Amino acid sequence: MNKIDKSIALFNEAKALMPGGVNSPVRAFKNIHGDPIFFEKAQGAYLFDADGNKYIDYIGSWGPMIMGHSHPEIVNAIKNQAELGTSYGAPTSLESDVASLIIENVPSIEKIRMVNSGTEATMSAIRLARGFTNRNKIIKFDGCYHGHVDSLLIKAGSGVSTFGLPDSPGIPEDLAKHTITCPYNDIEAFIQIFNSVKDDLATVIVEPIAGNMGFVPGTLEFLQTIRAYTESNDSLLIFDEVMSGFRVSLGGAQEIYNIKPDLTALGKVIGGGLPVGAFGGKKEIMNYLAPEGPVYQAGTLSGNPLAMAAGATLLNLLIAQNPYKELEEKAKVILNGMKEIMISSGIPFSTNQIGGMFGFFFSEELPKNIDDVSRTNDELFSSFINACIQNGIYFAPSKYEAGFISATHGDMEIDKTLEVVNKIVKTGEINK
Ligand code: HOZ
């Protein structure tokens, strides 16, 4: 069992300084009734905490650490760029390097704009969609989380579900009324809702592979239906690939499903671990952005040279090594092993994975939407995650989040993970 006295002291100090002691709610471990771990360094597949404990990391900063923490080429790229300057508030060729790597690999993106986070990417994509179509309404799906954008913080997943805050206070009713929500993976409900708002429907936004209600991929038929209906109505389809972009395959979910959205939001991986977001799509739509078009969007740190240097290095590594198949195989070995241990002990357990993203649920059936996820067993989840963390395995501290594996997770880490899971189940720690 790891001792985490320093983490506890640091959390107490942080609580006096920041709401809940954190800068992003899920990190507070509130819903698993645990103590958050404070980290000091990370290397490869491992995180190291303030008390000197070592953890096998299955969060990987929620995606970007796909080639492992502190990858030497990425660290060097950041160091080299830092010596040349950290921000100019003016263009660099690095922005075009990242833009062309994205355009070459993501099927629907012809032009792109860099921003600083996934939230900024979806927020700006929505504004562009409304400006381009001259319509107001948005359809979003229950349990999809598109960052903390006012219009999108309605029946959202991730921390919003973790803390049971379906509609955050602070969002004017006049704005919220333009967002219509629909159950995920429910074609009939979508068609009905679509028909009721189609005249003023600017856009439908969806996580094609949802990573914010646990890991729940959209079905092919569901995504094809959304594409067909939006196209026939001149409403734009936005794929939020902030989590899945360059994480499930080079071309993201849109490559896997062979569906081209009009706009795509990206984040996380394209910054190599530095704060980045981007949105891109068809030229005629993107050219509607200022300074070429009338829809305004701007940012001093957009296309920041440090972030672009890190992002370009990571994207080049991914293109050279194409690790996705291998990542999926490794995730499968871990998940199948966990499932075998759980099922043989009579614990309901289901799993899923694509590329380097995965999910597991304490339920017999794999969830298809957020209602299914909310019905999975909370007590088993909390006690399992807390026990894993105490034994050096760091999984996401909420059942509404996905898991991530890196190229640096090898046989040793996989074996250790299964050994710990086996111990937790066999000694009854999972029921504490
Ligand atoms: N909501 C984020 C992932 N889906 C978690 C962000 C964080 O706490 O770092």
# chains A, B, ... in the order shown; residues from 1 in each chain; ligands from 1
>>> residues_around(residues="Tyr58 in chain A", least_positions_apart="6", cutoff="7 Å", atoms="only C-alpha atoms", output="ChimeraX atom specification")
/A:394-395,403-405
>>> residues_around(residues="range 99-105 of chain A", least_positions_apart="2", cutoff="12 Å", atoms="only C-alpha atoms", output="ChimeraX atom specification")
/A:92-97,107-115,245-246,249-255,264-267,269-271,277-283,303,308-309,311-320,322
>>> residues_around(residues="range 370-383 of chain A", least_positions_apart="2", cutoff="7 Å", atoms="only C-alpha atoms", output="number ranges by chain")
A: 32, 142-143, 213, 361-363, 367-368, 385-387, 430-432
>>> write_last_selection(atoms="N, CA and C atoms", output="JSON list (two decimals), in the first residue's frame")
[["chain", "number", "residue", "atom", "x", "y", "z"],
["A", 32, "ILE", "N", -14.99, 9.38, -6.06],
["A", 32, "ILE", "CA", -14.54, 8.04, -5.62],
["A", 32, "ILE", "C", -14.13, 8.10, -4.13],
["A", 142, "ASP", "N", -26.56, 13.69, -25.12],
["A", 142, "ASP", "CA", -26.40, 13.52, -23.67],
["A", 142, "ASP", "C", -25.11, 12.74, -23.40],
["A", 143, "GLY", "N", -24.31, 13.26, -22.49],
["A", 143, "GLY", "CA", -23.10, 12.54, -22.10],
["A", 143, "GLY", "C", -21.88, 12.90, -22.92],
["A", 213, "MET", "N", -18.07, 9.78, -21.28],
["A", 213, "MET", "CA", -19.09, 9.05, -20.50],
["A", 213, "MET", "C", -18.51, 7.66, -20.30],
["A", 361, "PHE", "N", -16.32, -1.13, -17.51],
["A", 361, "PHE", "CA", -17.51, -0.78, -16.73],
["A", 361, "PHE", "C", -17.88, -1.95, -15.82],
["A", 362, "PHE", "N", -18.37, -1.62, -14.63],
["A", 362, "PHE", "CA", -18.87, -2.67, -13.75],
["A", 362, "PHE", "C", -20.33, -2.93, -14.10],
["A", 363, "SER", "N", -20.51, -3.60, -15.24],
["A", 363, "SER", "CA", -21.85, -3.97, -15.71],
["A", 363, "SER", "C", -21.68, -5.17, -16.63],
["A", 367, "PRO", "N", -22.22, -0.41, -21.91],
["A", 367, "PRO", "CA", -23.11, 0.74, -22.07],
["A", 367, "PRO", "C", -23.09, 1.31, -23.48],
["A", 368, "LYS", "N", -24.27, 1.78, -23.91],
["A", 368, "LYS", "CA", -24.38, 2.39, -25.25],
["A", 368, "LYS", "C", -24.60, 3.90, -25.15],
["A", 385, "ILE", "N", -10.95, 1.51, -8.09],
["A", 385, "ILE", "CA", -10.00, 2.56, -8.50],
["A", 385, "ILE", "C", -9.12, 2.98, -7.32],
["A", 386, "ASN", "N", -9.73, 3.15, -6.14],
["A", 386, "ASN", "CA", -8.92, 3.51, -4.96],
["A", 386, "ASN", "C", -7.88, 2.44, -4.66],
["A", 387, "ALA", "N", -8.31, 1.16, -4.73],
["A", 387, "ALA", "CA", -7.37, 0.07, -4.44],
["A", 387, "ALA", "C", -6.25, 0.04, -5.48],
["A", 430, "ILE", "N", -11.56, -5.01, -3.39],
["A", 430, "ILE", "CA", -12.52, -4.38, -4.30],
["A", 430, "ILE", "C", -13.86, -4.11, -3.61],
["A", 431, "ASN", "N", -14.14, -4.78, -2.55],
["A", 431, "ASN", "CA", -15.44, -4.56, -1.90],
["A", 431, "ASN", "C", -15.37, -3.63, -0.69],
["A", 432, "LYS", "N", -14.16, -3.06, -0.46],
["A", 432, "LYS", "CA", -14.04, -2.23, 0.75],
["A", 432, "LYS", "C", -14.59, -0.84, 0.55]]
>>> atom_distance(atom1="CA of Lys416 in chain A", atom2="CA of Asn53 in chain A")
15.0 Å
>>> residues_near_ligand(ligand="ligand 1", cutoff="8 Å", atoms="only C-alpha atoms and all ligand atoms", output="ChimeraX atom specification")
/A:23-27,61-62,145,147,158-159,211-212,243,401-402
>>> write_last_selection(atoms="all heavy atoms", output="CSV table (one decimal), in the first residue's frame")
chain,number,residue,atom,x,y,z
A,23,ASN,N,-7.6,22.7,-10.3
A,23,ASN,CA,-8.0,23.6,-11.4
A,23,ASN,C,-8.8,22.9,-12.4
A,23,ASN,O,-9.0,23.4,-13.5
A,23,ASN,CB,-6.7,24.1,-12.0
A,23,ASN,CG,-6.1,25.2,-11.1
A,23,ASN,OD1,-6.9,26.1,-10.7
A,23,ASN,ND2,-4.9,25.1,-10.7
A,24,SER,N,-9.3,21.7,-12.1
A,24,SER,CA,-10.2,20.9,-13.0
A,24,SER,C,-10.9,19.9,-12.1
A,24,SER,O,-10.2,19.1,-11.5
A,24,SER,CB,-9.4,20.3,-14.2
A,24,SER,OG,-10.3,19.9,-15.2
A,25,PRO,N,-12.2,19.9,-12.1
A,25,PRO,CA,-12.9,19.2,-11.0
A,25,PRO,C,-12.6,17.7,-10.8
A,25,PRO,O,-12.5,17.2,-9.7
A,25,PRO,CB,-14.4,19.4,-11.3
A,25,PRO,CG,-14.4,20.7,-12.1
A,25,PRO,CD,-13.1,20.8,-12.8
A,26,VAL,N,-12.5,17.0,-12.0
A,26,VAL,CA,-12.4,15.5,-11.9
A,26,VAL,C,-11.2,15.1,-11.0
A,26,VAL,O,-11.1,14.1,-10.4
A,26,VAL,CB,-12.3,14.9,-13.3
A,26,VAL,CG1,-12.1,13.4,-13.2
A,26,VAL,CG2,-13.6,15.1,-14.0
A,27,ARG,N,-10.2,16.0,-11.1
A,27,ARG,CA,-8.9,15.7,-10.3
A,27,ARG,C,-9.1,15.6,-8.8
A,27,ARG,O,-8.1,15.2,-8.1
A,27,ARG,CB,-7.9,16.8,-10.6
A,27,ARG,CG,-7.5,16.9,-12.1
A,27,ARG,CD,-6.5,18.0,-12.3
A,27,ARG,NE,-6.4,18.3,-13.7
A,27,ARG,CZ,-5.8,19.3,-14.2
A,27,ARG,NH1,-5.1,20.1,-13.4
A,27,ARG,NH2,-5.8,19.5,-15.5
A,61,SER,N,-2.3,12.0,-19.3
A,61,SER,CA,-2.8,13.4,-19.5
A,61,SER,C,-4.0,13.5,-20.4
A,61,SER,O,-4.2,14.4,-21.2
A,61,SER,CB,-1.7,14.3,-20.1
A,61,SER,OG,-2.1,15.6,-20.1
A,62,TRP,N,-4.8,12.4,-20.3
A,62,TRP,CA,-6.1,12.3,-21.1
A,62,TRP,C,-5.8,12.2,-22.6
A,62,TRP,O,-6.6,12.8,-23.4
A,62,TRP,CB,-7.1,13.4,-20.7
A,62,TRP,CG,-7.3,13.6,-19.2
A,62,TRP,CD1,-6.7,14.5,-18.4
A,62,TRP,CD2,-8.1,12.8,-18.4
A,62,TRP,NE1,-7.1,14.3,-17.1
A,62,TRP,CE2,-8.0,13.2,-17.1
A,62,TRP,CE3,-9.0,11.7,-18.6
A,62,TRP,CZ2,-8.6,12.7,-16.0
A,62,TRP,CZ3,-9.6,11.1,-17.5
A,62,TRP,CH2,-9.4,11.6,-16.2
A,145,TYR,N,-19.2,15.5,-23.9
A,145,TYR,CA,-18.7,16.7,-23.3
A,145,TYR,C,-17.8,17.4,-24.3
A,145,TYR,O,-16.9,16.8,-24.9
A,145,TYR,CB,-17.8,16.3,-22.1
A,145,TYR,CG,-17.1,17.4,-21.4
A,145,TYR,CD1,-17.9,18.3,-20.6
A,145,TYR,CD2,-15.8,17.6,-21.5
A,145,TYR,CE1,-17.2,19.3,-19.9
A,145,TYR,CE2,-15.1,18.6,-20.8
A,145,TYR,CZ,-15.9,19.5,-20.1
A,145,TYR,OH,-15.3,20.6,-19.4
A,147,GLY,N,-16.1,20.4,-23.6
A,147,GLY,CA,-15.5,21.5,-22.9
A,147,GLY,C,-16.6,22.3,-22.2
A,147,GLY,O,-17.8,22.0,-22.3
A,158,SER,N,-18.2,13.8,-18.7
A,158,SER,CA,-17.0,14.1,-18.0
A,158,SER,C,-17.3,14.6,-16.5
A,158,SER,O,-18.2,14.1,-15.9
A,158,SER,CB,-16.2,15.2,-18.7
A,158,SER,OG,-14.9,15.4,-18.1
A,159,GLY,N,-16.7,15.7,-16.1
A,159,GLY,CA,-16.8,16.2,-14.7
A,159,GLY,C,-18.3,16.6,-14.4
A,159,GLY,O,-18.7,16.6,-13.3
A,211,GLY,N,-15.5,9.9,-25.2
A,211,GLY,CA,-14.5,9.6,-24.2
A,211,GLY,C,-14.8,10.3,-22.9
A,211,GLY,O,-14.0,10.5,-22.0
A,212,ASN,N,-16.1,10.8,-22.8
A,212,ASN,CA,-16.5,11.6,-21.6
A,212,ASN,C,-17.7,11.0,-20.9
A,212,ASN,O,-18.3,11.7,-20.1
A,212,ASN,CB,-16.7,13.0,-22.0
A,212,ASN,CG,-15.4,13.7,-22.3
A,212,ASN,OD1,-14.6,14.0,-21.4
A,212,ASN,ND2,-15.2,14.1,-23.6
A,243,MET,N,-10.7,14.2,-28.0
A,243,MET,CA,-10.1,13.0,-27.3
A,243,MET,C,-9.7,12.0,-28.4
A,243,MET,O,-8.6,11.4,-28.2
A,243,MET,CB,-11.1,12.4,-26.4
A,243,MET,CG,-11.7,13.4,-25.5
A,243,MET,SD,-12.0,12.9,-23.8
A,243,MET,CE,-10.5,12.5,-23.1
A,401,GLU,N,-15.0,8.8,-17.4
A,401,GLU,CA,-13.8,9.2,-18.2
A,401,GLU,C,-13.3,7.9,-18.9
A,401,GLU,O,-13.6,6.8,-18.5
A,401,GLU,CB,-12.7,9.8,-17.3
A,401,GLU,CG,-13.1,11.0,-16.5
A,401,GLU,CD,-13.3,12.3,-17.4
A,401,GLU,OE1,-12.8,12.2,-18.6
A,401,GLU,OE2,-13.8,13.3,-16.9
A,402,ALA,N,-12.5,8.1,-19.9
A,402,ALA,CA,-11.9,7.0,-20.6
A,402,ALA,C,-10.5,6.7,-20.1
A,402,ALA,O,-9.9,7.4,-19.3
A,402,ALA,CB,-11.8,7.3,-22.1
>>> closest_residue(among="A:Asn185, A:Gln353, A:Asn31, A:Ser87", to="Lys325 in chain A", atoms="only C-alpha atoms")
A:Gln353
